[in-house]
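Contents: one structure, followed by commentary.
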Amino acid sequence: MSKNVKTIVFCAACIALATITSMIKIFHFPTGGSITLCSSLFAILPGFFFGPVTGIITGVAYGLLQLIVDPYILTPVQAFIDYILAFGALGVSGFFSNKKNGLCYGYIAACILRWFFAFLSGVLFFGEYAWAGWNPVPYSAVYNLICIGSEAILTLVVLQVPAFINAFTTMKSSINTAH
């Protein structure tokens with residue numbers, strides 16, 4: 001099997017795992033957003049294993065699938081920010097692929113950038129949902145930090161389990177030697 005086919009198959013498997021785990025909601029907020037079972041972890045793996053370009057493309061593909069599976073569209077610009085930019089941002093994990101603790105740092109960077117786009121969308125399109133007495137800017141910052149930050153903390157705890165670290169390290173090593 002060629003390198004490109006293996007990469008596509010791996011990325012498709014990551015999108016499938018991210019989609020499945022995105023449906024396992026630990027908490028779903030009444031005004032949108034949820035805390036899922038480490039779905040972003042699977043979405044950042046293509047970037048971490050194959051670099052930022054593959055990661056961003058895979059993140060955009062995952063975002064488009066999320067748009068199909070669980071859409072919430074107010075305007076085309078909002079959909080672009082929430083589904084293309086925010087999920088595409090998960091691919092920045094690829095910038096950390098060759099660094100010590102790169103998986104954790106890449107995951108954190110991806111979550112921060114995803115948070116930024118969710119925050120931006122919240123300010124621009126969801127300000128009317130701000131809690132009583134809250135301005136849309138701090139509301140969006142806090143609301144999206146709760147959603148994205150909670151899952152990030154959960155995932156970072158999981159990534160401290162040696163068995164997971166060893167599994168991802170072995171997987172990355174086997175992928176790199178196969179290429």
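Each chain in the structure tokens gets a letter, A, B, ..., in the order shown, and its residues are numbered from 1; ligands are numbered from 1 in order too.
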ask   = When DSSP works through the backbone of this structure, what residues of chain A end up as helix (DSSP H, G or I), shown as JSON, numbers by chain?
value = {"A": [3, 4, 5, 6, 7, 8, 9, 10, 11, 12, 13, 14, 15, 16, 17, 18, 19, 20, 21, 22, 39, 40, 41, 42, 43, 44, 45, 46, 47, 48, 49, 50, 52, 53, 54, 55, 56, 57, 58, 59, 60, 61, 62, 63, 64, 65, 66, 67, 68, 69, 76, 77, 78, 79, 80, 81, 82, 83, 84, 85, 86, 87, 88, 89, 90, 91, 92, 93, 94, 95, 96, 102, 103, 104, 105, 106, 107, 108, 109, 110, 111, 112, 113, 114, 115, 116, 117, 118, 119, 120, 121, 122, 123, 124, 125, 127, 128, 129, 136, 137, 138, 139, 140, 141, 142, 143, 144, 145, 146, 147, 148, 149, 150, 151, 152, 153, 154, 155, 156, 157, 158, 162, 163, 164, 165, 166, 167, 168, 169, 170, 171, 172, 173, 174, 175, 176, 177, 178]}
Kindly assemble as CSV a list of the range 65-163 of chain A residues that lie within 9 Å of range 9-24 of chain A, each paired with its nearest atom pair and their distance in Å to one decimal, using only C-alpha atoms, sorted first by chain and then by ascending residue number.
```
residue,atom,partner,partner_atom,distance
A:Leu65,CA,A:Thr19,CA,8.0
A:Gln66,CA,A:Thr19,CA,7.4
A:Val69,CA,A:Thr19,CA,8.8
```
What would the file look like if the residues just selected were written as a PDB file, in the first residue's frame with N, CA and C atoms?
```pdb
ATOM      1  N   LEU A  65     -17.784  17.018   8.601  1.00  0.00           N
ATOM      2  CA  LEU A  65     -18.605  15.896   9.067  1.00  0.00           C
ATOM      3  C   LEU A  65     -19.456  16.314  10.266  1.00  0.00           C
ATOM      4  N   GLN A  66     -18.879  17.081  11.187  1.00  0.00           N
ATOM      5  CA  GLN A  66     -19.651  17.583  12.329  1.00  0.00           C
ATOM      6  C   GLN A  66     -20.785  18.491  11.849  1.00  0.00           C
ATOM      7  N   VAL A  69     -23.415  16.003  10.701  1.00  0.00           N
ATOM      8  CA  VAL A  69     -23.973  15.174  11.775  1.00  0.00           C
ATOM      9  C   VAL A  69     -24.775  15.989  12.789  1.00  0.00           C
TER      10      VAL A  69
END
```
Would you give me, as a tab-separated table, each residue of range 1-98 of chain A having an atom within 12 Å of an atom of range 145-168 of chain A, along with its shortest atom pair and that distance in Å to one decimal, using only C-alpha atoms and sorting by chain and residue number?
```
residue	atom	partner	partner_atom	distance
A:Thr21	CA	A:Glu151	CA	11.6
A:Ser22	CA	A:Glu151	CA	10.7
A:Ile24	CA	A:Glu151	CA	11.8
A:Lys25	CA	A:Glu151	CA	10.2
A:Ile26	CA	A:Glu151	CA	9.1
A:Phe27	CA	A:Cys147	CA	8.9
A:His28	CA	A:Cys147	CA	9.0
A:Phe29	CA	A:Cys147	CA	8.4
A:Pro30	CA	A:Cys147	CA	11.9
A:Thr31	CA	A:Cys147	CA	11.4
A:Gly32	CA	A:Cys147	CA	9.5
A:Gly33	CA	A:Cys147	CA	6.4
A:Ser34	CA	A:Cys147	CA	5.8
A:Ile35	CA	A:Glu151	CA	5.5
A:Thr36	CA	A:Glu151	CA	6.4
A:Leu37	CA	A:Glu151	CA	7.2
A:Cys38	CA	A:Thr155	CA	5.4
A:Ser39	CA	A:Glu151	CA	8.4
A:Ser40	CA	A:Ala152	CA	8.2
A:Leu41	CA	A:Thr155	CA	6.9
A:Phe42	CA	A:Thr155	CA	10.3
A:Ile44	CA	A:Thr155	CA	11.7
A:Leu45	CA	A:Phe168	CA	8.9
A:Pro46	CA	A:Phe168	CA	11.5
A:Phe48	CA	A:Phe168	CA	9.9
A:Phe49	CA	A:Phe168	CA	9.3
A:Ala86	CA	A:Ile148	CA	11.2
A:Phe87	CA	A:Ile148	CA	12.0
A:Ser97	CA	A:Phe168	CA	11.5
```
Closest-contact table, range 116-142 of chain A side, partner range 99-112 of chain A, 12 Å, counting only C-alpha atoms, as a tab-separated table:
```
residue	atom	partner	partner_atom	distance
A:Phe116	CA	A:Ile112	CA	6.2
A:Phe117	CA	A:Ile112	CA	8.9
A:Ala118	CA	A:Ile112	CA	9.8
A:Phe119	CA	A:Ile112	CA	10.2
A:Ala141	CA	A:Ile112	CA	11.4
```
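Across the structure, CA of Leu124 in chain A and CA of Val77 in chain A are spaced 9.8 Å apart.
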Residues near Gly47 in chain A, anyone? I mean within 7 Å using only C-alpha atoms, not counting same-chain ones fewer than 5 positions away, as a PDB file with N, CA and C atoms, in the first residue's frame.
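Writing the result to selection.pdb gives the following:
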```
ATOM      1  N   PRO A  52       1.415  19.532  10.081  1.00  0.00           N
ATOM      2  CA  PRO A  52       0.302  20.474  10.156  1.00  0.00           C
ATOM      3  C   PRO A  52      -0.599  20.525   8.910  1.00  0.00           C
ATOM      4  N   THR A  54      -1.425  18.076   6.744  1.00  0.00           N
ATOM      5  CA  THR A  54      -2.335  16.922   6.814  1.00  0.00           C
ATOM      6  C   THR A  54      -3.302  17.091   7.984  1.00  0.00           C
ATOM      7  N   GLY A  55      -2.794  17.597   9.098  1.00  0.00           N
ATOM      8  CA  GLY A  55      -3.637  17.797  10.268  1.00  0.00           C
ATOM      9  C   GLY A  55      -4.752  18.803  10.023  1.00  0.00           C
ATOM     10  N   ILE A  56      -4.425  19.906   9.390  1.00  0.00           N
ATOM     11  CA  ILE A  56      -5.436  20.938   9.125  1.00  0.00           C
ATOM     12  C   ILE A  56      -6.464  20.419   8.126  1.00  0.00           C
ATOM     13  N   GLY A  91      -5.377  20.877  13.579  1.00  0.00           N
ATOM     14  CA  GLY A  91      -4.198  20.405  12.874  1.00  0.00           C
ATOM     15  C   GLY A  91      -2.898  21.071  13.276  1.00  0.00           C
ATOM     16  N   VAL A  92      -2.967  22.161  14.041  1.00  0.00           N
ATOM     17  CA  VAL A  92      -1.726  22.821  14.467  1.00  0.00           C
ATOM     18  C   VAL A  92      -0.900  21.928  15.384  1.00  0.00           C
ATOM     19  N   SER A  93      -1.488  20.841  15.836  1.00  0.00           N
ATOM     20  CA  SER A  93      -0.726  19.876  16.635  1.00  0.00           C
ATOM     21  C   SER A  93       0.508  19.407  15.879  1.00  0.00           C
ATOM     22  N   GLY A  94       0.451  19.470  14.555  1.00  0.00           N
ATOM     23  CA  GLY A  94       1.570  19.035  13.731  1.00  0.00           C
ATOM     24  C   GLY A  94       2.829  19.848  13.918  1.00  0.00           C
TER      25      GLY A  94
END
```
task = Find, counting only C-alpha atoms, the residue in A:Ser174, A:Asn144, A:Thr58, A:Asn98 that gets nearest to Ile8 in chain A.
result =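 Of A:Ser174, A:Asn144, A:Thr58, A:Asn98, the one nearest Ile8 in chain A is A:Thr58, counting only C-alpha atoms.
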